[in-house]
Structure formats: structure tokens, C-alpha cells
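Pasted below: query.cif, mmCIF, C-alpha atoms.
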data_upload
loop_
_atom_site.label_atom_id
_atom_site.label_comp_id
_atom_site.auth_asym_id
_atom_site.auth_seq_id
_atom_site.Cartn_x
_atom_site.Cartn_y
_atom_site.Cartn_z
CA MET A 1 115.73 135.39 93.84
CA ASP A 2 119.01 133.81 94.88
CA TYR A 3 117.70 131.16 97.32
CA ARG A 4 121.16 129.88 98.15
CA LYS A 5 122.21 133.37 99.34
CA LEU A 6 119.04 133.63 101.42
CA VAL A 7 119.79 130.30 103.05
CA GLU A 8 123.26 131.48 103.97
CA LEU A 9 121.59 134.18 106.06
CA ILE A 10 119.62 131.61 108.09
CA PRO A 11 121.32 130.75 111.40
CA ILE A 12 122.33 127.10 111.50
CA THR A 13 120.33 126.62 114.72
CA ASN A 14 117.12 127.52 112.85
CA ARG A 15 117.66 125.39 109.78
CA GLU A 16 116.22 122.11 111.03
CA THR A 17 113.04 123.70 112.37
CA LEU A 18 112.63 125.77 109.23
CA SER A 19 113.14 122.79 106.93
CA HIS A 20 110.42 120.84 108.79
CA LYS A 21 108.02 123.76 108.46
CA LEU A 22 108.77 124.20 104.75
CA VAL A 23 108.30 120.48 104.06
CA ASP A 24 104.92 120.64 105.80
CA PHE A 25 103.84 123.65 103.76
CA ILE A 26 104.82 121.90 100.55
CA LEU A 27 103.25 118.54 101.38
CA THR A 28 99.96 119.97 102.65
CA SER A 29 99.66 122.62 99.94
CA LYS A 30 96.71 122.50 97.54
CA ASN A 31 98.76 124.37 94.94
CA ASP A 32 100.45 121.25 93.56
CA GLU A 33 100.33 122.56 90.01
CA LYS A 34 102.75 125.36 90.93
CA MET A 35 105.56 122.90 91.70
CA PRO A 36 108.06 122.71 88.81
CA SER A 37 108.92 119.06 88.13
CA GLN A 38 112.67 119.71 88.12
CA LEU A 39 112.44 121.37 91.53
CA ALA A 40 110.37 118.45 92.87
CA ASN A 41 113.04 116.04 91.67
CA THR A 42 115.76 118.12 93.32
CA ILE A 43 113.88 117.99 96.64
CA LEU A 44 113.32 114.24 96.34
CA HIS A 45 116.98 113.69 95.51
CA HIS A 46 118.02 115.60 98.64
CA TRP A 47 115.43 113.75 100.74
CA GLN A 48 116.62 110.42 99.40
CA GLN A 49 120.17 111.32 100.45
CA ASN A 50 118.79 112.65 103.77
CA VAL A 51 120.38 116.06 103.17
CA LEU A 52 117.29 118.29 102.99
CA GLU A 53 118.74 120.46 105.75
CA SER A 54 121.92 121.17 103.75
CA GLU A 55 122.21 124.59 102.11
CA SER A 56 121.26 123.26 98.67
CA GLY A 57 118.38 121.22 100.15
CA LEU A 58 117.04 124.14 102.13
CA ALA A 59 117.36 126.41 99.07
CA ALA A 60 115.21 123.99 97.05
CA LEU A 61 112.64 123.76 99.86
CA LEU A 62 112.54 127.54 100.19
CA GLU A 63 112.02 128.04 96.48
CA ALA A 64 109.19 125.47 96.44
CA ALA A 65 107.55 126.80 99.60
CA LEU A 66 107.60 130.35 98.24
CA LEU A 67 106.02 129.17 94.99
CA LEU A 68 103.32 127.07 96.66
CA GLU A 69 102.66 128.89 99.95
CA PRO A 70 104.33 132.33 99.95
CA ASP A 71 102.36 133.83 102.85
CA LYS A 72 102.88 130.88 105.19
CA THR A 73 106.57 130.77 104.29
CA ILE A 74 107.14 134.44 105.05
CA SER A 75 105.22 134.08 108.33
CA ALA A 76 107.44 131.15 109.31
CA PHE A 77 110.53 133.36 109.07
CA GLY A 78 108.82 135.86 111.36
CA GLU A 79 107.88 133.14 113.87
CA LEU A 80 111.50 132.00 113.97
CA GLN A 81 112.69 135.58 114.72
CA MET A 82 114.15 136.03 111.24
CA THR A 83 112.17 139.16 110.41
CA SER A 84 114.91 140.79 108.37
CA ILE A 85 115.00 137.78 106.02
CA ALA A 86 111.20 137.84 105.86
CA GLU A 87 111.31 141.52 104.86
CA GLN A 88 113.97 140.82 102.27
CA ILE A 89 111.84 138.06 100.71
CA LYS A 90 108.75 140.27 100.76
CA ALA A 91 110.61 143.07 99.02
CA THR A 92 112.00 140.72 96.37
CA LEU A 93 108.59 139.17 95.72
CA ALA A 94 107.03 142.64 95.40
CA SER A 95 109.62 143.92 92.94
CA MET B 96 108.14 88.76 112.18
CA VAL B 97 105.18 90.69 110.83
CA LYS B 98 105.84 92.95 107.84
CA PHE B 99 104.35 96.40 107.47
CA GLY B 100 103.08 97.72 104.18
CA ILE B 101 101.81 101.16 103.30
CA GLU B 102 99.39 102.22 100.59
CA PHE B 103 99.39 105.44 98.60
CA VAL B 104 96.80 106.72 96.16
CA PRO B 105 98.25 108.53 93.13
CA ARG B 106 95.57 111.15 93.27
CA GLU B 107 98.47 113.00 94.90
CA PRO B 108 101.35 114.10 92.62
CA HIS B 109 104.31 111.76 92.34
CA TRP B 110 106.62 113.99 94.41
CA LYS B 111 104.34 113.89 97.46
CA ILE B 112 103.95 110.12 97.24
CA MET B 113 107.69 109.62 96.79
CA TYR B 114 108.47 111.88 99.74
CA TYR B 115 106.20 109.69 101.88
CA ALA B 116 107.59 106.47 100.35
CA ILE B 117 111.19 107.43 101.18
CA GLN B 118 110.05 108.41 104.68
CA ALA B 119 108.20 105.11 105.11
CA GLU B 120 111.16 103.04 103.95
CA ARG B 121 113.46 104.89 106.32
CA GLY B 122 110.91 104.41 109.11
CA GLY B 123 110.89 100.62 108.78
CA PHE B 124 108.08 99.77 106.35
CA ASN B 125 108.69 96.71 104.17
CA ASN B 126 106.14 97.01 101.38
CA LEU B 127 104.77 99.83 99.26
CA TRP B 128 101.41 99.47 97.54
CA ILE B 129 100.08 101.95 94.98
CA THR B 130 96.40 101.84 94.05
CA ASP B 131 95.32 101.55 90.43
CA HIS B 132 92.28 103.55 89.31
CA PHE B 133 91.87 105.07 85.85
CA ASN B 134 90.81 108.41 87.34
CA ASN B 135 94.03 108.84 89.33
CA ARG B 136 97.57 109.16 88.02
CA ASN B 137 99.00 106.04 86.41
CA VAL B 138 100.09 103.35 88.83
CA TYR B 139 103.12 102.20 86.83
CA VAL B 140 104.50 105.70 86.51
CA ALA B 141 104.24 106.01 90.29
CA LEU B 142 105.89 102.60 90.73
CA THR B 143 108.71 103.56 88.37
CA THR B 144 109.52 106.53 90.58
CA ALA B 145 109.35 104.17 93.57
CA ALA B 146 111.93 101.95 91.88
CA ILE B 147 114.21 104.98 91.56
CA TYR B 148 113.69 106.61 94.97
CA THR B 149 113.48 103.58 97.27
CA ASN B 150 116.13 100.95 97.93
CA LYS B 151 114.77 98.10 100.02
CA MET B 152 110.99 98.02 100.02
CA THR B 153 109.06 95.71 97.76
CA PHE B 154 106.47 97.56 95.72
CA GLY B 155 103.61 96.89 93.36
CA PRO B 156 100.11 97.80 92.31
CA GLY B 157 97.70 97.27 95.17
CA VAL B 158 95.65 96.27 93.29
CA THR B 159 95.23 96.27 89.54
CA ASN B 160 92.50 94.33 87.74
CA PRO B 161 92.46 92.25 84.55
CA TYR B 162 89.47 94.01 83.00
CA MET B 163 90.90 97.50 82.59
CA VAL B 164 94.37 96.28 81.64
CA ASN B 165 94.86 93.11 79.63
CA PRO B 166 97.03 90.59 81.53
CA VAL B 167 99.77 90.66 78.86
CA PHE B 168 100.25 94.39 79.47
CA THR B 169 100.26 93.91 83.24
CA ALA B 170 102.89 91.21 82.73
CA GLN B 171 104.90 93.60 80.55
CA ALA B 172 104.66 96.40 83.14
CA VAL B 173 105.79 94.33 86.11
CA ALA B 174 108.50 92.55 84.12
CA THR B 175 109.90 95.93 83.05
CA LEU B 176 109.73 97.26 86.61
CA ASN B 177 111.58 94.15 87.72
CA GLU B 178 114.47 95.22 85.49
CA LEU B 179 114.61 98.57 87.30
CA ALA B 180 114.45 97.03 90.78
CA PRO B 181 115.15 93.29 90.53
CA GLY B 182 113.52 91.21 93.24
CA ARG B 183 111.55 94.09 94.71
CA VAL B 184 108.50 93.98 92.46
CA VAL B 185 105.25 92.34 93.49
CA LEU B 186 101.88 92.32 91.78
CA GLY B 187 98.55 92.84 93.51
CA MET B 188 95.66 91.65 91.37
CA GLY B 189 91.97 91.86 92.21
CA ALA B 190 88.67 91.77 90.39
CA GLY B 191 88.24 95.52 90.52
CA ASP B 192 85.47 97.73 91.68
CA LYS B 193 82.17 97.30 89.83
CA THR B 194 81.18 100.96 90.08
CA THR B 195 84.46 102.05 88.47
CA LEU B 196 84.23 99.39 85.77
CA ASP B 197 80.64 100.46 85.02
CA THR B 198 81.84 104.05 84.61
CA VAL B 199 84.02 103.03 81.68
CA GLY B 200 81.60 100.43 80.31
CA VAL B 201 83.72 97.41 81.16
CA GLU B 202 81.92 94.29 82.30
CA MET B 203 83.18 92.39 85.34
CA GLU B 204 82.89 89.02 83.64
CA LYS B 205 83.37 85.84 85.74
CA PRO B 206 85.68 87.42 88.31
CA LEU B 207 87.00 84.18 89.81
CA THR B 208 87.82 82.75 86.40
CA ALA B 209 89.22 86.05 85.15
CA ILE B 210 91.61 86.36 88.10
CA GLN B 211 92.78 82.78 87.79
CA GLU B 212 93.35 83.05 84.04
CA ALA B 213 94.99 86.47 84.24
CA ILE B 214 97.46 85.31 86.86
CA ASP B 215 98.18 82.18 84.87
CA ILE B 216 98.97 84.25 81.77
CA ILE B 217 101.06 86.77 83.74
CA ARG B 218 103.12 84.04 85.40
CA LYS B 219 103.80 82.35 82.08
CA MET B 220 104.70 85.62 80.35
CA THR B 221 107.01 86.75 83.14
CA SER B 222 108.72 83.35 83.02
CA GLY B 223 109.58 84.01 79.37
CA GLU B 224 107.17 81.44 77.97
CA THR B 225 105.30 81.70 74.69
CA VAL B 226 101.68 81.77 75.81
CA ALA B 227 98.95 80.18 73.75
CA TYR B 228 96.01 80.37 76.11
CA GLN B 229 92.41 79.43 75.52
CA GLY B 230 90.62 80.55 78.67
CA GLU B 231 86.96 81.40 79.21
CA VAL B 232 87.73 85.09 79.64
CA PHE B 233 91.21 85.58 78.17
CA LYS B 234 92.79 84.18 75.07
CA THR B 235 96.28 84.58 73.66
CA ALA B 236 97.78 83.10 70.51
CA GLY B 237 101.49 82.70 71.05
CA ALA B 238 102.11 85.87 73.10
CA LYS B 239 105.76 86.26 74.07
CA PHE B 240 108.04 89.09 75.14
CA LEU B 241 110.85 90.13 72.81
CA PHE B 242 113.02 90.63 75.90
CA LYS B 243 114.10 88.22 78.62
CA PRO B 244 112.15 88.76 81.87
CA ARG B 245 114.18 88.74 85.08
CA GLY B 246 112.32 86.01 86.88
CA LYS B 247 109.49 85.33 89.25
CA ILE B 248 107.28 88.13 90.46
CA PRO B 249 105.17 87.25 93.53
CA VAL B 250 101.46 87.67 92.86
CA TYR B 251 99.13 88.81 95.64
CA VAL B 252 95.40 88.37 95.16
CA GLY B 253 93.17 91.10 96.53
CA ALA B 254 90.02 89.54 98.00
CA GLN B 255 87.03 90.19 100.20
CA GLY B 256 84.38 87.51 99.53
CA PRO B 257 84.81 83.86 100.64
CA LYS B 258 85.25 82.38 97.16
CA MET B 259 87.85 84.92 96.08
CA LEU B 260 89.65 84.53 99.42
CA ALA B 261 89.82 80.75 98.95
CA LEU B 262 91.06 81.21 95.38
CA ALA B 263 93.63 83.70 96.65
CA GLY B 264 94.92 81.12 99.14
CA LYS B 265 95.02 78.49 96.43
CA ILE B 266 96.84 80.41 93.67
CA GLY B 267 98.41 83.45 95.33
CA ASP B 268 101.93 83.94 96.61
CA GLY B 269 100.19 86.42 98.86
CA VAL B 270 96.71 87.57 99.75
CA LEU B 271 95.52 91.12 100.35
CA ILE B 272 92.50 90.86 102.63
CA ASN B 273 90.37 93.94 102.25
CA ALA B 274 89.24 94.28 105.89
CA SER B 275 90.13 96.11 109.10
CA HIS B 276 88.09 94.41 111.84
CA PRO B 277 89.55 91.39 113.67
CA ARG B 278 86.34 89.35 113.19
CA ASP B 279 86.33 90.00 109.43
CA VAL B 280 90.04 89.27 109.08
CA GLU B 281 89.75 86.08 111.16
CA TYR B 282 86.96 84.83 108.90
CA ALA B 283 88.90 85.85 105.79
CA VAL B 284 91.97 83.95 106.97
CA SER B 285 89.87 80.82 107.49
CA CYS B 286 88.71 81.10 103.86
CA VAL B 287 92.30 81.63 102.68
CA LYS B 288 93.35 78.51 104.62
CA GLU B 289 90.76 76.44 102.73
CA GLY B 290 92.37 77.44 99.45
CA VAL B 291 95.86 76.87 100.80
CA ASN B 292 94.86 73.35 101.84
CA VAL B 293 93.32 72.60 98.45
CA ALA B 294 96.60 73.58 96.82
CA GLY B 295 98.56 71.38 99.23
CA LYS B 296 100.64 74.34 100.40
CA ARG B 297 101.63 75.36 103.90
CA PHE B 298 99.86 78.46 105.27
CA ASP B 299 103.19 80.10 106.05
CA GLU B 300 104.19 79.86 102.39
CA VAL B 301 101.60 82.53 101.61
CA ASP B 302 102.08 86.15 102.71
CA VAL B 303 98.65 87.04 104.06
CA ALA B 304 98.04 90.74 104.57
CA ALA B 305 95.29 92.69 106.25
CA TYR B 306 94.88 95.65 103.91
CA THR B 307 93.27 98.14 106.24
CA SER B 308 91.90 101.62 106.24
CA PHE B 309 94.10 103.32 108.83
CA ALA B 310 94.26 106.63 110.68
CA VAL B 311 96.54 107.52 113.57
CA HIS B 312 96.91 110.71 115.60
CA GLU B 313 97.80 111.52 119.20
CA ASP B 314 94.41 113.22 119.36
CA ILE B 315 91.66 110.63 118.94
CA GLN B 316 89.23 113.21 117.54
CA LYS B 317 91.65 114.09 114.76
CA ALA B 318 92.23 110.40 113.96
CA ASN B 319 88.46 109.81 113.81
CA LYS B 320 87.94 112.83 111.60
CA ALA B 321 90.60 111.57 109.16
CA ALA B 322 89.16 108.04 109.14
CA ALA B 323 85.60 109.29 108.58
CA ARG B 324 86.47 110.43 105.05
CA VAL B 325 87.35 106.90 103.96
CA VAL B 326 84.93 105.03 106.24
CA SER B 327 81.96 106.96 104.82
CA SER B 328 82.71 105.52 101.36
CA ILE B 329 83.20 102.00 102.73
CA VAL B 330 79.89 102.20 104.61
CA ALA B 331 78.09 103.52 101.54
CA GLY B 332 79.40 100.63 99.45
CA SER B 333 78.79 97.84 101.98
CA PRO B 334 75.89 95.39 101.68
CA PRO B 335 73.25 95.53 104.49
CA GLN B 336 74.28 92.09 105.81
CA LEU B 337 77.82 93.28 106.45
CA LEU B 338 76.57 96.46 108.15
CA GLU B 339 74.18 94.50 110.38
CA LYS B 340 76.96 92.05 111.26
CA HIS B 341 78.80 95.01 112.78
CA GLY B 342 75.69 96.41 114.49
CA ILE B 343 75.52 99.37 112.12
CA ASP B 344 72.15 101.00 111.49
CA VAL B 345 71.42 100.41 107.78
CA LYS B 346 69.28 103.55 107.69
CA LYS B 347 72.23 105.67 108.84
CA ALA B 348 74.38 104.06 106.16
CA GLU B 349 71.75 104.98 103.56
CA GLU B 350 71.86 108.58 104.76
CA ILE B 351 75.63 108.65 104.26
CA LYS B 352 75.23 107.15 100.80
CA ASP B 353 72.70 109.84 99.86
CA ALA B 354 74.96 112.58 101.19
CA LEU B 355 77.92 111.26 99.18
CA LYS B 356 75.78 111.08 96.04
CA ALA B 357 74.81 114.72 96.60
CA ASN B 358 78.51 115.64 97.13
CA ASP B 359 77.52 116.84 100.60
CA TRP B 360 80.78 115.78 102.24
CA GLY B 361 80.08 117.51 105.54
CA ARG B 362 76.83 115.60 106.04
CA ALA B 363 78.43 112.33 104.88
CA PHE B 364 81.45 112.56 107.17
CA SER B 365 79.48 113.76 110.20
CA GLY B 366 77.13 110.78 109.76
CA VAL B 367 79.99 108.35 110.41
CA THR B 368 79.57 106.79 113.88
CA PRO B 369 82.22 105.28 116.20
CA GLU B 370 80.76 101.83 115.40
CA MET B 371 81.41 102.42 111.69
CA ILE B 372 84.98 103.58 112.35
CA SER B 373 85.63 100.53 114.50
CA ALA B 374 84.17 98.15 111.92
CA PHE B 375 85.92 99.51 108.87
CA SER B 376 89.20 101.02 110.00
CA VAL B 377 92.13 100.78 112.35
CA CYS B 378 91.94 104.19 113.95
CA GLY B 379 93.04 106.02 117.05
CA THR B 380 96.05 106.99 119.10
CA PRO B 381 99.27 104.97 118.61
CA ASP B 382 98.41 102.81 121.66
CA MET B 383 94.92 102.12 120.33
CA CYS B 384 96.35 101.17 116.94
CA ILE B 385 98.92 98.86 118.57
CA GLU B 386 96.10 97.10 120.42
CA ARG B 387 94.06 96.63 117.24
CA ILE B 388 97.04 95.45 115.18
CA ALA B 389 97.91 92.94 117.92
CA GLU B 390 94.34 91.61 117.73
CA LEU B 391 94.56 91.31 113.95
CA LEU B 392 97.87 89.44 114.17
CA LYS B 393 96.19 86.71 116.22
CA SER B 394 94.37 85.64 113.05
CA GLY B 395 97.69 84.59 111.51
CA ILE B 396 98.31 87.43 109.07
CA SER B 397 101.94 88.04 108.13
CA GLN B 398 101.64 91.59 106.78
CA PHE B 399 99.74 94.61 108.07
CA VAL B 400 99.01 97.25 105.44
CA VAL B 401 98.50 100.83 106.53
CA GLY B 402 95.97 102.03 103.97
CA SER B 403 94.30 105.37 103.31
CA PRO B 404 93.93 107.87 104.86
CA ILE B 405 96.96 106.98 107.15
CA GLY B 406 96.30 110.15 109.19
CA ALA B 407 95.14 113.74 109.09
CA ASN B 408 98.70 114.75 108.22
CA VAL B 409 100.37 111.90 106.35
CA ARG B 410 103.94 112.94 107.18
CA GLU B 411 103.19 113.19 110.90
CA ALA B 412 101.28 109.91 110.80
CA ILE B 413 104.17 108.03 109.16
CA ASN B 414 106.48 109.43 111.83
CA LEU B 415 104.10 108.28 114.57
CA ILE B 416 103.84 104.79 113.09
CA SER B 417 107.61 104.50 112.65
CA GLU B 418 108.46 105.81 116.10
CA LYS B 419 105.64 104.43 118.24
CA ILE B 420 103.92 101.53 116.50
CA LEU B 421 106.48 99.60 114.44
CA PRO B 422 109.01 99.23 117.29
CA HIS B 423 106.31 97.48 119.32
CA PHE B 424 106.09 94.70 116.70
CA LYS B 425 109.65 94.65 115.40
CA ALA B 426 111.53 94.60 118.69
#
Rewritten as C-alpha cells:
Amino acid sequence: MDYRKLVELIPITNRETLSHKLVDFILTSKNDEKMPSQLANTILHHWQQNVLESESGLAALLEAALLLEPDKTISAFGELQMTSIAEQIKATLAS
Amino acid sequence: MVKFGIEFVPREPHWKIMYYAIQAERGGFNNLWITDHFNNRNVYVALTTAAIYTNKMTFGPGVTNPYMVNPVFTAQAVATLNELAPGRVVLGMGAGDKTTLDTVGVEMEKPLTAIQEAIDIIRKMTSGETVAYQGEVFKTAGAKFLFKPRGKIPVYVGAQGPKMLALAGKIGDGVLINASHPRDVEYAVSCVKEGVNVAGKRFDEVDVAAYTSFAVHEDIQKANKAAARVVSSIVAGSPPQLLEKHGIDVKKAEEIKDALKANDWGRAFSGVTPEMISAFSVCGTPDMCIERIAELLKSGISQFVVGSPIGANVREAINLISEKILPHFKA
């Protein structure tokens, strides 16, 4: 899945709210073992620079959230009225 | 001005702890403490990531003990960390937890002497000295680093009982008082002062911290529920005299202990009463926590440590502390 391309589809006005939701999913997830260490370091690097809401930061969060909590992540897109992106993710995950 | 510390337990993976550490530093915390237990992830690996991902906070083990790790290795670990983050490394050293030491067959021999000797060895090693030490518990025969350490590392002594508290005041650059109730902290500070006086130091030369069990939430029920997880263990491990001092029914404490032994968490946590939470934690809404911290500060402490569980949702709790509690004391 090209997470960067998915992020480009997310309206800028939704990015902050979405990033907060994704961070919460990741931090409260019990599926820690599914987090690749390189991806964790990428997220921490973005957080350290305070740029988690940038396109590259959001792409890393989205990848992690879909690995750790796919159902919650897809639901979040629906809640934020981004159903077409949610469908696109679902279809990619199913293929 | 009072400093704020925060404790993390590396039972969580490093990336969660570092997310919270970066958040805490940005939110105004001054000190980061990582617990050291053999059954969690390694404290020095966690502290190494802290050296990389934080910029201002001091950080160190809170606390390690000299029985599980020989003092020369503790000296080596903190001296190496001090190369990664010069001037930001501190060392918390305590006698350890007897139950944990028993699990690995390590005897808690002469804790007061062991702490004193271990700190003596660590200070000498981190000063670059060759250490020939003939103590009652620890001995070295010309131990010396093959690298040049980067200077003094403040040593904090973790303490709860009166003798260890006095020793902590006497030999420590700082003291980590393991208590959350104003009465307990006030008594602990008086013991620390005895040691400070014996050493001929001024009280304000020693950074005295209340290392508390802490839980904050806008909803008091949620704060209590979070605190109950940690308070149940504290209650189960407390001697009857301490429980009675706080008006806690010893029989109820025994019931919690039995439930924990049986891994019946639901029964253990639901047995925790408001009196227990008040005695062994700083817990409640931000305003309630502010009130309790203000009470604790009257005892003369110079650092307040937000210890586990912090809150039901750690990220939200750190935000609450940074936005609603710290400004009250740092304005």
C-alpha cells in the first residue's frame, strides 16, 4: 500500500484530528509485537521534530495504525467522513 | 521552583516510552526516571533511547540496586550514558525489592552498608579513579575504566524506612522518597534532614523528591480505577503498622493480597478503598492533584515525581498535567 498517496487524499482540515486518533490507537494497542522497529523509529523521529502531522509523519502513523489496529483505523476514516478512503484501504487490505 | 519528574516502566516497548518522554519534555517535565526490574526491558537500553530522543531532561534509573548489578557495571553504564548526554545523567540507587531479589536467589545483604559502599565505588569509578575497595559487601582490587569518564553524576538514593532516609540525606545528591501521602513525606523529610545535618550539608543542597504513585483524569472514577491497579500492589506489600497508621483495615488488605496471589485482578482492584487510594497515591482530577501536590510541597521537597500509573490513558494524562497542573507550580 502506498501510504503517502493515501495521505495525499486526506483533506488538510482532517489531518490533525486523524493524527491524534492514529497516535491513540498505536499507543493503546496491545499488538505491540506487530510494530516494525524501523517504523517505530520513523514515528519517533517525526514526533521529536514535532512534524507528525506532515505527510510523511501521517503516512508512518497510518502504516503503523493499520498494522496494529486495522479495524479501528478504518472506522476512524468513516467517522471523519472519509468513506471513500476507508473503502480504498479495505479493498487494498483484502487483495 | 519545584521540579517535576516522570517515571516510566519499560514493560512497555521503547517506542511507547519514548513517545511519552518526548511529550513530557515538551510539556515541561524536568526529570525522567526509568524503573529497573529484571523482568521488564533493560533500563539502560531505555535510557540510551532517552539520551537520543530528549534534549533537556535529566534522566536515570529510578531506581537500580547494587545486588542485581555490581556497582562497577552501574558505574560503567551511567558513565557511558553521560558521554551520550553530558550533564543530563543521574543515578537512582536503592536497596531493591526483597520479593524480586528472592525470585532470582539474590540475598539483600546489609542494605544500608551495601548502598553506601556501592555509591562510594560508583563515585570513585565515575571520577576516573583506580578503585581498590575493601568493603563489607563489595570488594574491588584496582578497578578502573579504560576510558575517561565525563565527570560527576548526581546520585539519588531511593528510600522508605527511617535509616535509609537518613543515609540518603547524608550521602545522596538527591533523595527519592517512596511515598505519596503528605504525612509520610513530611516524616520522611525529617529523617532526610537528620542525615543532611550529620553530613554538615545544607538541606537545599540535596534534591529531595516525593516519588509518588499518580493518576489524573477529569473523571474522578477513571482516575481512581487507574490508581487502584498500582495501589492494590502497594497495599498488599505494606506492613500492618503502616496500614493502621492510615486507618486501613488490615483484613481488607489481606483480601487484596490473596486476590493478587490468585491472579484475580478484578477482585484485587475492586477491593481497593478510597482510604487506600488517598494513603498510597496522588489521584484525582487536575484540581485535586494540584491540592495534594501543594500539600506535599509544604514538607520541603524540591521535586515531585509523577509515578505509575500516571493515568488511565498515559498520553491524555501527560497532556492534562502539562496543561493544567504544571502551570500552577511553574508560573
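In this structure, atom CA of B:Leu337 sits 22.7 Å away from atom CA of B:Lys205.
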Tell me the residues of chain B close to chain A, meaning within 10 Å using only C-alpha atoms, as a compact mmCIF listing (two decimals) with C-alpha atoms, in the coordinates of the input.
# COMPACT_ATOMS: atom_id res chain seq x y z
CA GLU B 107 98.47 113.00 94.90
CA PRO B 108 101.35 114.10 92.62
CA HIS B 109 104.31 111.76 92.34
CA TRP B 110 106.62 113.99 94.41
CA LYS B 111 104.34 113.89 97.46
CA ILE B 112 103.95 110.12 97.24
CA MET B 113 107.69 109.62 96.79
CA TYR B 114 108.47 111.88 99.74
CA TYR B 115 106.20 109.69 101.88
CA ALA B 116 107.59 106.47 100.35
CA ILE B 117 111.19 107.43 101.18
CA GLN B 118 110.05 108.41 104.68
CA ARG B 121 113.46 104.89 106.32
CA ILE B 147 114.21 104.98 91.56
CA TYR B 148 113.69 106.61 94.97
CA THR B 149 113.48 103.58 97.27
CA ASN B 150 116.13 100.95 97.93
CA ASN B 408 98.70 114.75 108.22
CA VAL B 409 100.37 111.90 106.35
CA ARG B 410 103.94 112.94 107.18
CA GLU B 411 103.19 113.19 110.90
Point-to-point distance in Å for atom CA of B:Ile210 and atom CA of B:Ala146: 25.9 Å
Answer key for the PyMOL selection byres ((chain A and resi 78-94) around 10), residues as a VMD selection string: chain A and resid 1 to 3 6 to 7 9 to 11 14 to 15 17 to 18 66 70 to 77 95
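For B:Gln255, the non-local neighbours within 9 Å, defined as residues at least 2 positions apart in the same chain or in other chains and counting all atoms listed in the file, are B:Gly253, B:Pro257, B:Lys258, B:Met259, B:Leu260, B:Leu271, B:Ile272, B:Asn273, B:Ala274, B:Ala283.
With distances restricted to all atoms listed in the file, B:His276 is the closest residue to B:Arg387 from B:Ile351, B:Val311, B:His276, B:Met371.
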Separation of atom CA of A:Ala65 from atom CA of A:Leu22 in Å: 5.9 Å
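When you apply the PyMOL selection byres ((chain B and resi 306) around 9) to this structure, what comes back is Gly100, Ile101, Glu102, Gly253, Leu271, Ile272, Asn273, Ala274, Ser275, Ala304, Ala305, Thr307, Ser308, Gln398, Phe399, Val400, Val401 and Gly402 of chain B.
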Given the file shown, determine the residues that the PyMOL selection byres ((chain B and resi 184) around 8) selects; report them as a list in words. Thr153, Phe154, Gly155, Val173, Leu176, Asn177, Ala180, Pro181, Gly182, Arg183, Val185, Leu186, Ile248 and Pro249 of chain B
For B:Ala348, please output as number ranges by chain all residues within 10 Å (counting all atoms listed in the file; exclusion window: fewer than 6 positions along the same chain). B: 327-335, 338, 354, 363, 366-368, 371
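Counting all atoms listed in the file and comparing B:Phe364, B:Ser394, B:Lys219, B:Ile420, the residue that lies closest to B:Glu350 is B:Phe364.
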Between A:Ile12, A:Phe25, A:Arg4, A:Lys34, single out the one closest to A:Leu58, counting only C-alpha atoms. A:Arg4
I want to know what sits within 9 Å of B:Asp192, based on all atoms listed in the file, with residues of the same chain fewer than 3 positions away left out; could you give that as a ChimeraX atom specification? /B:160,189,195-197,203
I'd like the contact shell of B:Met383 - 12 Å cut-off, only C-alpha atoms, skipping same-chain residues fewer than 4 positions apart - returned as a PDB file with C-alpha atoms, in the frame of the given file.
ATOM      1  CA  PHE B 309      94.100 103.320 108.830  1.00  0.00           C
ATOM      2  CA  ALA B 310      94.260 106.630 110.680  1.00  0.00           C
ATOM      3  CA  VAL B 311      96.540 107.520 113.570  1.00  0.00           C
ATOM      4  CA  HIS B 312      96.910 110.710 115.600  1.00  0.00           C
ATOM      5  CA  GLU B 313      97.800 111.520 119.200  1.00  0.00           C
ATOM      6  CA  ASP B 314      94.410 113.220 119.360  1.00  0.00           C
ATOM      7  CA  ILE B 315      91.660 110.630 118.940  1.00  0.00           C
ATOM      8  CA  ALA B 318      92.230 110.400 113.960  1.00  0.00           C
ATOM      9  CA  ASN B 319      88.460 109.810 113.810  1.00  0.00           C
ATOM     10  CA  SER B 373      85.630 100.530 114.500  1.00  0.00           C
ATOM     11  CA  SER B 376      89.200 101.020 110.000  1.00  0.00           C
ATOM     12  CA  VAL B 377      92.130 100.780 112.350  1.00  0.00           C
ATOM     13  CA  CYS B 378      91.940 104.190 113.950  1.00  0.00           C
ATOM     14  CA  GLY B 379      93.040 106.020 117.050  1.00  0.00           C
ATOM     15  CA  ARG B 387      94.060  96.630 117.240  1.00  0.00           C
ATOM     16  CA  ILE B 388      97.040  95.450 115.180  1.00  0.00           C
ATOM     17  CA  ALA B 389      97.910  92.940 117.920  1.00  0.00           C
ATOM     18  CA  GLU B 390      94.340  91.610 117.730  1.00  0.00           C
ATOM     19  CA  ILE B 416     103.840 104.790 113.090  1.00  0.00           C
ATOM     20  CA  LYS B 419     105.640 104.430 118.240  1.00  0.00           C
ATOM     21  CA  ILE B 420     103.920 101.530 116.500  1.00  0.00           C
TER      22      ILE B 420
END
Got a sec: who's within 10 Å of stretch 222-232 of chain B, counting all atoms listed in the file, leaving out chain neighbours fewer than 5 positions off, as an MDAnalysis selection string? chainID B and resid 161:162 167 170 174 204:206 208:213 215:217 237:248
For stretch 348-358 of chain B, which lacks atoms in the input, supply N, CA and C atoms and format the output as an mmCIF file, in the frame of the given file.
data_model
loop_
_atom_site.group_PDB
_atom_site.id
_atom_site.type_symbol
_atom_site.label_atom_id
_atom_site.label_comp_id
_atom_site.auth_asym_id
_atom_site.auth_seq_id
_atom_site.Cartn_x
_atom_site.Cartn_y
_atom_site.Cartn_z
ATOM 1 N N ALA B 348 73.474 104.289 107.297
ATOM 2 C CA ALA B 348 74.380 104.060 106.160
ATOM 3 C C ALA B 348 73.762 104.619 104.876
ATOM 4 N N GLU B 349 72.448 104.438 104.737
ATOM 5 C CA GLU B 349 71.750 104.980 103.560
ATOM 6 C C GLU B 349 71.853 106.501 103.513
ATOM 7 N N GLU B 350 71.756 107.105 104.694
ATOM 8 C CA GLU B 350 71.860 108.580 104.760
ATOM 9 C C GLU B 350 73.248 109.045 104.299
ATOM 10 N N ILE B 351 74.261 108.302 104.687
ATOM 11 C CA ILE B 351 75.630 108.650 104.260
ATOM 12 C C ILE B 351 75.761 108.492 102.745
ATOM 13 N N LYS B 352 75.176 107.411 102.250
ATOM 14 C CA LYS B 352 75.230 107.150 100.800
ATOM 15 C C LYS B 352 74.572 108.297 100.038
ATOM 16 N N ASP B 353 73.418 108.726 100.514
ATOM 17 C CA ASP B 353 72.700 109.840 99.860
ATOM 18 C C ASP B 353 73.529 111.116 99.896
ATOM 19 N N ALA B 354 74.149 111.363 101.051
ATOM 20 C CA ALA B 354 74.960 112.580 101.190
ATOM 21 C C ALA B 354 76.155 112.552 100.236
ATOM 22 N N LEU B 355 76.780 111.376 100.095
ATOM 23 C CA LEU B 355 77.920 111.260 99.180
ATOM 24 C C LEU B 355 77.478 111.476 97.731
ATOM 25 N N LYS B 356 76.306 110.909 97.401
ATOM 26 C CA LYS B 356 75.780 111.080 96.040
ATOM 27 C C LYS B 356 75.533 112.550 95.731
ATOM 28 N N ALA B 357 75.116 113.285 96.770
ATOM 29 C CA ALA B 357 74.810 114.720 96.600
ATOM 30 C C ALA B 357 76.067 115.579 96.769
ATOM 31 N N ASN B 358 77.237 114.911 96.888
ATOM 32 C CA ASN B 358 78.510 115.640 97.130
ATOM 33 C C ASN B 358 78.459 116.507 98.381
#
